[in-house]
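*Asks:* See start.csv below, with CSV, C-alpha atoms.
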chain,number,residue,atom,x,y,z
A,1,MET,CA,0.0,0.0,0.0
A,2,GLU,CA,1.5,3.3,-1.0
A,3,LEU,CA,1.2,6.0,1.6
A,4,PRO,CA,0.4,9.7,0.8
A,5,SER,CA,3.3,11.1,2.8
A,6,LYS,CA,7.0,10.3,3.3
A,7,ILE,CA,6.8,11.4,7.0
A,8,LEU,CA,4.0,8.9,7.5
A,9,GLN,CA,5.9,6.3,5.6
A,10,GLU,CA,9.0,6.8,7.7
A,11,ALA,CA,7.0,6.5,11.0
A,12,VAL,CA,5.3,3.3,9.7
A,13,ASP,CA,8.6,1.8,8.7
A,14,GLN,CA,10.1,2.6,12.1
A,15,LEU,CA,7.1,1.1,14.0
A,16,ALA,CA,7.0,-2.0,11.8
A,17,ALA,CA,10.6,-2.7,13.0
A,18,LEU,CA,9.2,-3.5,16.5
A,19,PRO,CA,9.0,-7.2,17.1
A,20,GLY,CA,5.7,-8.7,15.9
A,21,VAL,CA,4.4,-5.5,14.4
A,22,GLY,CA,3.3,-5.6,10.7
A,23,LYS,CA,2.9,-2.8,8.2
A,24,ARG,CA,-0.9,-2.6,8.7
A,25,SER,CA,-0.6,-2.4,12.5
A,26,ALA,CA,2.2,0.1,12.2
A,27,LEU,CA,-0.1,2.3,10.0
A,28,ARG,CA,-2.9,2.0,12.5
A,29,TYR,CA,-0.5,3.2,15.3
A,30,ALA,CA,0.9,6.0,13.2
A,31,LEU,CA,-2.6,7.3,12.2
A,32,HIS,CA,-3.7,7.1,15.8
A,33,LEU,CA,-0.8,9.3,16.7
A,34,VAL,CA,-1.6,11.8,13.9
A,35,GLY,CA,-5.0,12.1,15.6
A,36,GLN,CA,-3.5,12.8,19.1
A,37,GLU,CA,-2.5,16.1,20.7
A,38,GLU,CA,1.1,17.1,20.0
A,39,ALA,CA,1.9,17.0,23.8
A,40,GLY,CA,0.9,13.4,24.0
A,41,VAL,CA,3.0,12.3,21.0
A,42,ARG,CA,5.9,14.3,22.4
A,43,ASP,CA,5.5,12.3,25.7
A,44,LEU,CA,5.6,9.0,23.8
A,45,SER,CA,8.6,10.1,21.7
A,46,GLU,CA,10.6,11.3,24.7
A,47,ALA,CA,9.7,8.2,26.8
A,48,LEU,CA,11.1,6.0,24.1
A,49,LEU,CA,14.3,8.0,23.7
A,50,ARG,CA,14.8,8.0,27.5
A,51,LEU,CA,15.1,4.2,27.3
A,52,LYS,CA,18.4,4.8,25.7
A,53,THR,CA,19.6,8.0,27.2
A,54,ASP,CA,18.5,7.8,30.8
A,55,LEU,CA,18.2,4.1,31.6
A,56,HIS,CA,21.1,2.4,33.4
A,57,HIS,CA,22.1,-1.2,33.5
A,58,CYS,CA,23.0,-2.0,37.1
A,59,ARG,CA,26.8,-2.1,37.5
A,60,HIS,CA,26.6,-5.4,39.5
A,61,CYS,CA,23.8,-7.5,38.1
A,62,HIS,CA,23.2,-5.7,34.7
A,63,ASN,CA,19.5,-5.5,35.2
A,64,ILE,CA,17.7,-2.4,33.9
A,65,SER,CA,17.6,0.3,36.5
A,66,ASP,CA,17.0,4.1,36.9
A,67,THR,CA,20.1,4.3,39.1
A,68,GLU,CA,23.7,3.1,38.6
A,69,ILE,CA,23.1,0.3,41.1
A,70,CYS,CA,19.6,-1.3,41.0
A,71,PRO,CA,17.3,-1.4,44.1
A,72,ILE,CA,17.8,-5.2,44.5
A,73,CYS,CA,21.6,-4.9,44.5
A,74,ALA,CA,21.5,-1.9,46.8
A,75,SER,CA,19.1,-3.6,49.3
A,76,GLN,CA,20.7,-4.9,52.6
A,77,LYS,CA,17.5,-7.0,53.2
A,78,ARG,CA,18.4,-9.5,50.4
A,79,GLN,CA,20.6,-12.6,50.9
A,80,ARG,CA,23.7,-11.1,49.3
A,81,GLY,CA,25.6,-14.4,49.1
A,82,ILE,CA,23.2,-15.9,46.6
A,83,VAL,CA,23.2,-15.0,42.9
A,84,CYS,CA,20.5,-16.1,40.5
A,85,VAL,CA,21.7,-16.1,36.9
A,86,VAL,CA,19.0,-15.4,34.4
A,87,GLU,CA,18.8,-14.8,30.7
A,88,ASN,CA,17.1,-11.4,30.6
A,89,VAL,CA,15.2,-8.6,32.4
A,90,GLN,CA,11.8,-10.3,32.0
A,91,ASP,CA,13.1,-13.4,33.8
A,92,VAL,CA,14.2,-11.2,36.8
A,93,MET,CA,10.6,-9.9,36.9
A,94,ALA,CA,9.2,-13.5,36.6
A,95,VAL,CA,11.3,-14.7,39.5
A,96,GLU,CA,10.5,-11.6,41.7
A,97,ASN,CA,6.8,-12.3,41.1
A,98,THR,CA,7.1,-15.7,42.8
A,99,GLN,CA,8.1,-13.9,46.0
A,100,GLN,CA,10.1,-17.0,46.9
A,101,TYR,CA,13.6,-15.6,46.2
A,102,ARG,CA,15.4,-13.1,48.4
A,103,GLY,CA,18.9,-13.3,46.9
A,104,LEU,CA,20.5,-11.2,44.1
A,105,TYR,CA,20.6,-11.6,40.3
A,106,HIS,CA,23.0,-11.6,37.4
A,107,VAL,CA,21.4,-10.9,34.0
A,108,LEU,CA,23.4,-12.5,31.2
A,109,GLY,CA,21.6,-10.6,28.4
A,110,GLY,CA,20.9,-13.8,26.4
A,111,VAL,CA,22.2,-17.4,26.2
A,112,ILE,CA,25.0,-18.9,24.1
A,113,SER,CA,23.6,-19.6,20.6
A,114,PRO,CA,26.1,-20.2,17.8
A,115,ILE,CA,23.2,-20.3,15.3
A,116,ASP,CA,22.2,-16.7,16.2
A,117,GLY,CA,25.9,-15.6,16.5
A,118,ILE,CA,25.7,-15.2,20.2
A,119,SER,CA,29.0,-16.3,21.8
A,120,PRO,CA,30.0,-16.1,25.5
A,121,SER,CA,31.8,-12.8,25.0
A,122,ASP,CA,28.5,-11.2,24.0
A,123,LEU,CA,27.0,-12.1,27.4
A,124,GLU,CA,27.8,-11.0,31.0
A,125,ILE,CA,29.6,-14.3,31.7
A,126,ALA,CA,33.1,-12.9,32.3
A,127,SER,CA,31.6,-10.4,34.7
A,128,LEU,CA,29.8,-13.2,36.6
A,129,VAL,CA,33.0,-15.2,37.1
A,130,GLU,CA,34.8,-12.0,38.1
A,131,ARG,CA,32.0,-11.2,40.6
A,132,VAL,CA,32.3,-14.7,42.2
A,133,ARG,CA,36.1,-14.6,42.1
A,134,SER,CA,36.6,-11.1,43.6
A,135,GLY,CA,33.7,-11.2,46.1
A,136,VAL,CA,32.7,-7.7,44.9
A,137,PRO,CA,30.2,-6.3,45.9
A,138,ASP,CA,29.7,-9.3,48.2
A,139,ALA,CA,31.2,-12.8,48.7
A,140,VAL,CA,29.1,-15.3,46.7
A,141,GLU,CA,28.3,-18.6,48.4
A,142,GLU,CA,25.9,-20.0,45.8
A,143,VAL,CA,25.1,-19.4,42.1
A,144,ILE,CA,21.7,-20.5,40.9
A,145,LEU,CA,21.6,-21.1,37.2
A,146,ALA,CA,18.0,-20.2,36.2
A,147,LEU,CA,18.3,-20.3,32.4
A,148,PRO,CA,15.6,-21.5,30.0
A,149,THR,CA,15.5,-25.3,29.7
A,150,THR,CA,16.4,-25.3,26.0
A,151,MET,CA,19.5,-26.6,24.3
A,152,GLU,CA,21.0,-23.1,24.3
A,153,GLY,CA,20.2,-22.7,28.0
A,154,ASP,CA,21.7,-26.1,28.9
A,155,THR,CA,24.9,-25.2,26.9
A,156,THR,CA,25.2,-21.9,28.8
A,157,ASN,CA,24.6,-23.7,32.1
A,158,TYR,CA,27.4,-26.2,31.3
A,159,TYR,CA,29.8,-23.4,30.1
A,160,ILE,CA,29.2,-21.2,33.2
A,161,ASN,CA,29.5,-24.2,35.6
A,162,LYS,CA,32.9,-25.2,34.0
A,163,LEU,CA,34.2,-21.6,34.5
A,164,LEU,CA,32.9,-21.5,38.1
A,165,GLN,CA,34.3,-24.9,39.2
A,166,PRO,CA,37.9,-23.5,40.1
A,167,THR,CA,36.3,-20.9,42.4
A,168,GLY,CA,34.7,-23.6,44.6
A,169,VAL,CA,31.4,-21.8,44.7
A,170,LYS,CA,28.3,-23.9,45.1
A,171,VAL,CA,26.5,-24.1,41.7
A,172,THR,CA,22.8,-25.1,41.6
A,173,THR,CA,20.2,-25.2,38.9
A,174,LEU,CA,16.4,-24.9,39.0
A,175,ALA,CA,14.4,-28.0,39.7
A,176,ARG,CA,12.9,-29.1,36.4
A,177,GLY,CA,9.4,-28.1,37.4
A,178,VAL,CA,9.4,-25.7,34.4
A,179,ALA,CA,8.3,-27.7,31.3
A,180,VAL,CA,11.2,-28.3,28.9
A,181,GLY,CA,11.1,-26.0,25.9
A,182,ASP,CA,9.1,-23.3,27.8
A,183,SER,CA,10.3,-19.8,28.4
A,184,LEU,CA,10.8,-18.7,32.0
A,185,GLU,CA,8.9,-15.5,31.2
A,186,TYR,CA,5.6,-17.4,30.6
A,187,ALA,CA,5.8,-20.1,33.4
A,188,ASP,CA,3.1,-19.9,36.1
A,189,GLU,CA,4.2,-18.6,39.4
A,190,ILE,CA,3.6,-21.8,41.4
A,191,THR,CA,5.7,-23.9,39.0
A,192,LEU,CA,8.5,-21.3,38.9
A,193,GLY,CA,8.4,-20.9,42.7
A,194,ARG,CA,8.7,-24.7,43.2
A,195,SER,CA,11.6,-24.8,40.8
A,196,ILE,CA,13.4,-22.3,43.0
A,197,ALA,CA,12.5,-24.2,46.2
A,198,HIS,CA,13.7,-27.5,44.8
A,199,ARG,CA,16.9,-26.4,43.1
A,200,ILE,CA,19.4,-29.2,42.7
A,201,PRO,CA,23.3,-29.4,42.5
A,202,PHE,CA,24.5,-28.9,39.0
A,203,GLU,CA,26.0,-32.1,37.5
B,1,MET,CA,3.8,-7.2,36.8
B,2,GLU,CA,6.0,-4.6,38.6
B,3,LEU,CA,8.8,-3.2,36.4
B,4,PRO,CA,12.3,-2.5,37.8
B,5,SER,CA,12.5,1.0,36.4
B,6,LYS,CA,10.2,4.1,36.3
B,7,ILE,CA,11.7,5.0,32.9
B,8,LEU,CA,10.8,1.6,31.5
B,9,GLN,CA,7.3,1.8,33.1
B,10,GLU,CA,6.7,5.2,31.5
B,11,ALA,CA,7.7,3.9,28.1
B,12,VAL,CA,5.5,0.8,28.5
B,13,ASP,CA,2.5,2.9,29.6
B,14,GLN,CA,2.9,5.2,26.6
B,15,LEU,CA,3.2,2.2,24.2
B,16,ALA,CA,0.2,0.5,25.7
B,17,ALA,CA,-1.9,3.5,24.8
B,18,LEU,CA,-1.5,2.6,21.1
B,19,PRO,CA,-4.7,1.0,19.7
B,20,GLY,CA,-4.7,-2.8,20.3
B,21,VAL,CA,-1.4,-2.9,22.3
B,22,GLY,CA,-1.5,-4.5,25.7
B,23,LYS,CA,0.9,-4.2,28.6
B,24,ARG,CA,2.8,-7.4,27.7
B,25,SER,CA,3.3,-6.3,24.0
B,26,ALA,CA,4.3,-2.8,25.2
B,27,LEU,CA,6.9,-4.3,27.5
B,28,ARG,CA,8.3,-6.5,24.6
B,29,TYR,CA,8.5,-3.4,22.4
B,30,ALA,CA,10.2,-1.3,25.1
B,31,LEU,CA,12.8,-4.0,25.9
B,32,HIS,CA,13.5,-4.5,22.2
B,33,LEU,CA,14.3,-0.8,22.1
B,34,VAL,CA,16.5,-1.0,25.1
B,35,GLY,CA,18.5,-3.6,23.2
B,36,GLN,CA,18.8,-1.3,20.1
B,37,GLU,CA,21.5,1.3,19.3
B,38,GLU,CA,20.7,4.8,20.5
B,39,ALA,CA,20.7,6.2,16.9
B,40,GLY,CA,18.0,3.7,15.9
B,41,VAL,CA,15.7,4.6,18.8
B,42,ARG,CA,16.3,8.3,18.2
B,43,ASP,CA,15.2,7.7,14.6
B,44,LEU,CA,12.0,6.1,15.8
B,45,SER,CA,11.4,8.8,18.4
B,46,GLU,CA,11.9,11.6,15.9
B,47,ALA,CA,9.8,9.9,13.2
B,48,LEU,CA,6.9,9.7,15.6
B,49,LEU,CA,7.2,13.3,16.7
B,50,ARG,CA,7.4,14.5,13.1
B,51,LEU,CA,3.9,13.0,12.6
B,52,LYS,CA,2.7,16.0,14.7
B,53,THR,CA,5.3,18.7,14.0
B,54,ASP,CA,5.9,18.3,10.2
B,55,LEU,CA,2.9,16.5,8.8
B,56,HIS,CA,0.3,18.7,7.0
B,57,HIS,CA,-3.3,18.2,6.3
B,58,CYS,CA,-3.9,19.3,2.7
B,59,ARG,CA,-5.7,22.7,2.7
B,60,HIS,CA,-8.2,21.5,0.1
B,61,CYS,CA,-9.0,17.8,0.8
B,62,HIS,CA,-7.6,17.5,4.4
B,63,ASN,CA,-5.7,14.3,3.5
B,64,ILE,CA,-2.4,13.8,5.2
B,65,SER,CA,0.4,15.4,3.2
B,66,ASP,CA,4.1,16.4,3.4
B,67,THR,CA,3.1,19.7,1.7
B,68,GLU,CA,0.4,22.3,2.3
B,69,ILE,CA,-1.4,21.0,-0.7
B,70,CYS,CA,-1.3,17.3,-1.3
B,71,PRO,CA,0.1,15.7,-4.5
B,72,ILE,CA,-3.4,14.6,-5.6
B,73,CYS,CA,-5.0,18.1,-5.2
B,74,ALA,CA,-1.9,19.6,-6.9
B,75,SER,CA,-2.0,17.3,-9.9
B,76,GLN,CA,-3.4,18.7,-13.2
B,77,LYS,CA,-3.8,15.1,-14.5
B,78,ARG,CA,-6.7,14.4,-12.2
B,79,GLN,CA,-10.4,15.0,-13.0
B,80,ARG,CA,-10.7,18.2,-10.9
B,81,GLY,CA,-14.5,18.5,-11.1
B,82,ILE,CA,-15.1,15.2,-9.2
B,83,VAL,CA,-14.7,15.0,-5.5
B,84,CYS,CA,-14.9,11.7,-3.6
B,85,VAL,CA,-15.9,12.1,0.1
B,86,VAL,CA,-14.3,9.6,2.4
B,87,GLU,CA,-14.2,9.0,6.1
B,88,ASN,CA,-10.4,8.9,6.6
B,89,VAL,CA,-6.9,8.7,5.2
B,90,GLN,CA,-7.0,4.9,5.0
B,91,ASP,CA,-10.0,5.1,2.7
B,92,VAL,CA,-8.1,7.5,0.3
B,93,MET,CA,-5.4,4.8,0.1
B,94,ALA,CA,-8.0,2.1,-0.4
B,95,VAL,CA,-9.7,4.0,-3.3
B,96,GLU,CA,-6.3,4.9,-4.8
B,97,ASN,CA,-5.3,1.3,-4.8
B,98,THR,CA,-8.2,0.3,-7.1
B,99,GLN,CA,-6.6,2.6,-9.8
B,100,GLN,CA,-10.2,3.2,-11.1
B,101,TYR,CA,-10.6,6.7,-9.7
B,102,ARG,CA,-8.9,9.8,-11.2
B,103,GLY,CA,-10.8,12.6,-9.4
B,104,LEU,CA,-10.0,14.4,-6.1
B,105,TYR,CA,-10.9,13.6,-2.5
B,106,HIS,CA,-12.4,15.2,0.6
B,107,VAL,CA,-11.5,13.6,3.9
B,108,LEU,CA,-14.2,14.1,6.5
B,109,GLY,CA,-12.1,12.8,9.4
B,110,GLY,CA,-14.9,10.6,10.6
B,111,VAL,CA,-18.7,10.1,10.3
B,112,ILE,CA,-21.5,11.6,12.3
B,113,SER,CA,-22.0,9.5,15.4
B,114,PRO,CA,-24.0,11.0,18.3
B,115,ILE,CA,-23.1,7.9,20.5
B,116,ASP,CA,-19.4,8.7,20.2
B,117,GLY,CA,-20.0,12.4,20.5
B,118,ILE,CA,-19.1,13.2,16.9
B,119,SER,CA,-21.3,15.9,15.4
B,120,PRO,CA,-21.1,17.5,12.0
B,121,SER,CA,-19.0,20.4,13.3
B,122,ASP,CA,-16.3,17.9,14.3
B,123,LEU,CA,-16.0,16.9,10.7
B,124,GLU,CA,-14.8,18.6,7.4
B,125,ILE,CA,-18.4,19.0,6.2
B,126,ALA,CA,-18.7,22.8,6.3
B,127,SER,CA,-15.5,23.0,4.3
B,128,LEU,CA,-16.9,20.5,1.7
B,129,VAL,CA,-20.0,22.6,1.2
B,130,GLU,CA,-17.9,25.7,0.9
B,131,ARG,CA,-15.6,24.0,-1.6
B,132,VAL,CA,-18.6,23.1,-3.8
B,133,ARG,CA,-20.3,26.5,-3.3
B,134,SER,CA,-17.2,28.7,-4.0
B,135,GLY,CA,-15.7,26.5,-6.7
B,136,VAL,CA,-12.2,26.9,-5.0
B,137,PRO,CA,-9.8,25.4,-5.9
B,138,ASP,CA,-11.9,24.1,-8.9
B,139,ALA,CA,-15.6,24.0,-9.9
B,140,VAL,CA,-17.1,20.8,-8.6
B,141,GLU,CA,-19.5,18.9,-11.0
B,142,GLU,CA,-20.0,15.8,-9.0
B,143,VAL,CA,-19.6,14.7,-5.3
B,144,ILE,CA,-19.2,11.0,-4.8
B,145,LEU,CA,-20.2,9.9,-1.2
B,146,ALA,CA,-17.9,7.0,-0.4
B,147,LEU,CA,-18.6,6.6,3.3
B,148,PRO,CA,-18.9,3.2,5.1
B,149,THR,CA,-22.2,1.4,4.6
B,150,THR,CA,-23.1,1.6,8.3
B,151,MET,CA,-25.8,3.5,10.1
B,152,GLU,CA,-23.4,6.4,10.8
B,153,GLY,CA,-22.2,6.4,7.2
B,154,ASP,CA,-25.8,6.5,5.9
B,155,THR,CA,-26.7,9.3,8.3
B,156,THR,CA,-23.7,11.3,7.2
B,157,ASN,CA,-24.5,10.7,3.5
B,158,TYR,CA,-28.0,12.0,4.1
B,159,TYR,CA,-26.8,15.0,6.0
B,160,ILE,CA,-24.3,16.0,3.4
B,161,ASN,CA,-26.7,15.4,0.5
B,162,LYS,CA,-29.3,17.7,2.2
B,163,LEU,CA,-26.7,20.5,2.5
B,164,LEU,CA,-25.5,20.1,-1.1
B,165,GLN,CA,-29.0,20.1,-2.7
B,166,PRO,CA,-29.2,23.9,-2.9
B,167,THR,CA,-25.9,24.1,-4.8
B,168,GLY,CA,-27.3,21.9,-7.6
B,169,VAL,CA,-24.2,19.7,-7.7
B,170,LYS,CA,-24.6,16.1,-8.8
B,171,VAL,CA,-24.4,13.8,-5.8
B,172,THR,CA,-23.7,10.1,-6.3
B,173,THR,CA,-22.9,7.3,-3.9
B,174,LEU,CA,-21.0,4.1,-4.3
B,175,ALA,CA,-22.7,1.0,-5.8
B,176,ARG,CA,-23.5,-1.3,-3.0
B,177,GLY,CA,-20.9,-3.8,-4.0
B,178,VAL,CA,-19.2,-3.4,-0.7
B,179,ALA,CA,-20.9,-5.7,1.8
B,180,VAL,CA,-23.1,-3.8,4.3
B,181,GLY,CA,-21.4,-3.4,7.7
B,182,ASP,CA,-17.9,-3.8,6.2
B,183,SER,CA,-15.3,-1.0,6.5
B,184,LEU,CA,-14.0,0.5,3.2
B,185,GLU,CA,-10.5,0.0,4.4
B,186,TYR,CA,-10.7,-3.8,4.3
B,187,ALA,CA,-12.8,-4.2,1.1
B,188,ASP,CA,-11.0,-6.1,-1.7
B,189,GLU,CA,-9.9,-4.0,-4.7
B,190,ILE,CA,-12.3,-5.5,-7.2
B,191,THR,CA,-15.4,-5.0,-5.1
B,192,LEU,CA,-14.3,-1.5,-4.2
B,193,GLY,CA,-13.4,-0.7,-7.8
B,194,ARG,CA,-16.7,-2.0,-9.1
B,195,SER,CA,-18.5,0.2,-6.5
B,196,ILE,CA,-16.9,3.2,-8.0
B,197,ALA,CA,-17.6,2.2,-11.6
B,198,HIS,CA,-21.3,1.6,-10.8
B,199,ARG,CA,-21.9,4.6,-8.5
B,200,ILE,CA,-25.6,5.6,-8.5
B,201,PRO,CA,-27.5,8.9,-8.0
B,202,PHE,CA,-28.2,9.6,-4.3
B,203,GLU,CA,-31.9,9.3,-3.4
What is this structure when it is put down as structure tokens?
*Replies:*
Amino acid sequence: MELPSKILQEAVDQLAALPGVGKRSALRYALHLVGQEEAGVRDLSEALLRLKTDLHHCRHCHNISDTEICPICASQKRQRGIVCVVENVQDVMAVENTQQYRGLYHVLGGVISPIDGISPSDLEIASLVERVRSGVPDAVEEVILALPTTMEGDTTNYYINKLLQPTGVKVTTLARGVAVGDSLEYADEITLGRSIAHRIPFE
Amino acid sequence: MELPSKILQEAVDQLAALPGVGKRSALRYALHLVGQEEAGVRDLSEALLRLKTDLHHCRHCHNISDTEICPICASQKRQRGIVCVVENVQDVMAVENTQQYRGLYHVLGGVISPIDGISPSDLEIASLVERVRSGVPDAVEEVILALPTTMEGDTTNYYINKLLQPTGVKVTTLARGVAVGDSLEYADEITLGRSIAHRIPFE
């Protein structure tokens, strides 16, 4: 469909680059915005830009944060010797929602996936090993590997465990209550909570 | 789901205000943007804002345009005495796609709908009557009412026809090839093209 305006076309192209958004949806969003007040569109525009300009990644756990160190890493009420390793920000939210975990996190930013060109150096794996080795910000007693139960997740578990062995830290993994092949983000809270309660030593 | 950041929350809230976008999709879009380069997000942000700051509505037909007068209204190759009245910008694109229409347009910006609080004064109806009466930019010989075949569309047809009667202009409406209750935007091109070819005098 040919659009009557390059400005509209540009906005539609940009919106259609969002995951799961097609040209027709993008056009609907753009024309909706055309019908809004300028102040409202400016708010949206600025809110999106702030995701890049103002948002921090926590210096310790690499979770998204408004501050240099996220509220979880800054809290003295958490069990600071336990670090739960997750794939992404959504997984932190999923585990937090179970209200069964009081330790800290480490967000890898993905899992090892040669087919997608994601190698260990693209992930926060070196920083995890350094965090365990140096004991900064806190001495780590246990690392819980809470990656998705997919081939990529298992590969990443195996890789991290091998790197952590020399440090002598206790490495555990989630109980397989989460169905194999499912994403952590969509698991129900009871299953995910049980997986944390029944975590098992990594073999 | 509680988000770890107010900046993220604000972006999610703004995205969830788009039509048909829920909180979970909005979160997916926002986290996708967090993972993009700043330049890319800035392009998106600016493209959306330009929809309000740089986009014009054509002075004659009120279609979206990059210029004060849209390419269709500016073209001397169109049949300048025929004006097709449509509900919105999508409908202009739909009619253009049939490649069966060579006249001009008039975009109402909606149809009369008391239940949604849309009265004739919210629409470009007065400007249509003035356009026919004054013959600016061109003398109008025929007005084609191409509004959706819904109760609101029919009401608007009736209202416009009544206002145009004193001018003596020929008023036609689309042949009812478009299924009643369907939106013009989603009609297939053959049906919509046939509706234009077989337009009938308005009674």
*Asks:* Smallest atom-to-atom distance to B:Val169: which of B:Val83, B:Thr191, B:Asp122, B:Arg28, using only C-alpha atoms?
*Replies:*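 The closest residue to B:Val169 is B:Val83.
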*Asks:* With the cut-off set at 6 Å and counting only C-alpha atoms, tabulate each residue of chain B with an atom at most that distance from an atom of chain A, showing the nearest atom pair and its distance in Å to one decimal, ordered by chain and increasing number, as CSV.
*Replies:*
residue,atom,partner,partner_atom,distance
B:Ser5,CA,A:Ser65,CA,5.1
B:Ala11,CA,A:Ala47,CA,4.9
B:Gln14,CA,A:Leu44,CA,5.4
B:Leu18,CA,A:Tyr29,CA,5.9
B:Tyr29,CA,A:Leu18,CA,5.9
B:Val34,CA,A:Leu51,CA,5.8
B:Glu38,CA,A:Lys52,CA,5.7
B:Arg42,CA,A:Leu49,CA,5.9
B:Leu44,CA,A:Gln14,CA,5.4
B:Ser45,CA,A:Ser45,CA,4.5
B:Ala47,CA,A:Ala11,CA,4.9
B:Leu48,CA,A:Ala11,CA,5.6
B:Leu49,CA,A:Arg42,CA,5.9
B:Leu51,CA,A:Val34,CA,5.8
B:Lys52,CA,A:Glu38,CA,5.6
B:Ser65,CA,A:Ser5,CA,5.2
B:Asp66,CA,A:Ser5,CA,5.4
*Asks:* Just checking: using all atoms listed in the file, which residue out of B:Ala16, B:Cys61, B:Val95, B:Met151 ends up closest to B:Asp188?
*Replies:* B:Val95
*Asks:* So which one's closest to A:Ser134, A:Tyr101, A:Thr167, A:Glu152, A:Ser113? Using only C-alpha atoms, please.
*Replies:*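 Using only C-alpha atoms, A:Ser134 sits closest to A:Thr167.
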*Asks:* Give me the residues within 10 Å of A:Gly153 as a PyMOL selection string, counting all atoms listed in the file and dropping any in the same chain fewer than 6 places off.
*Replies:* chain A and resi 86-87+110-113+145-147+159+181
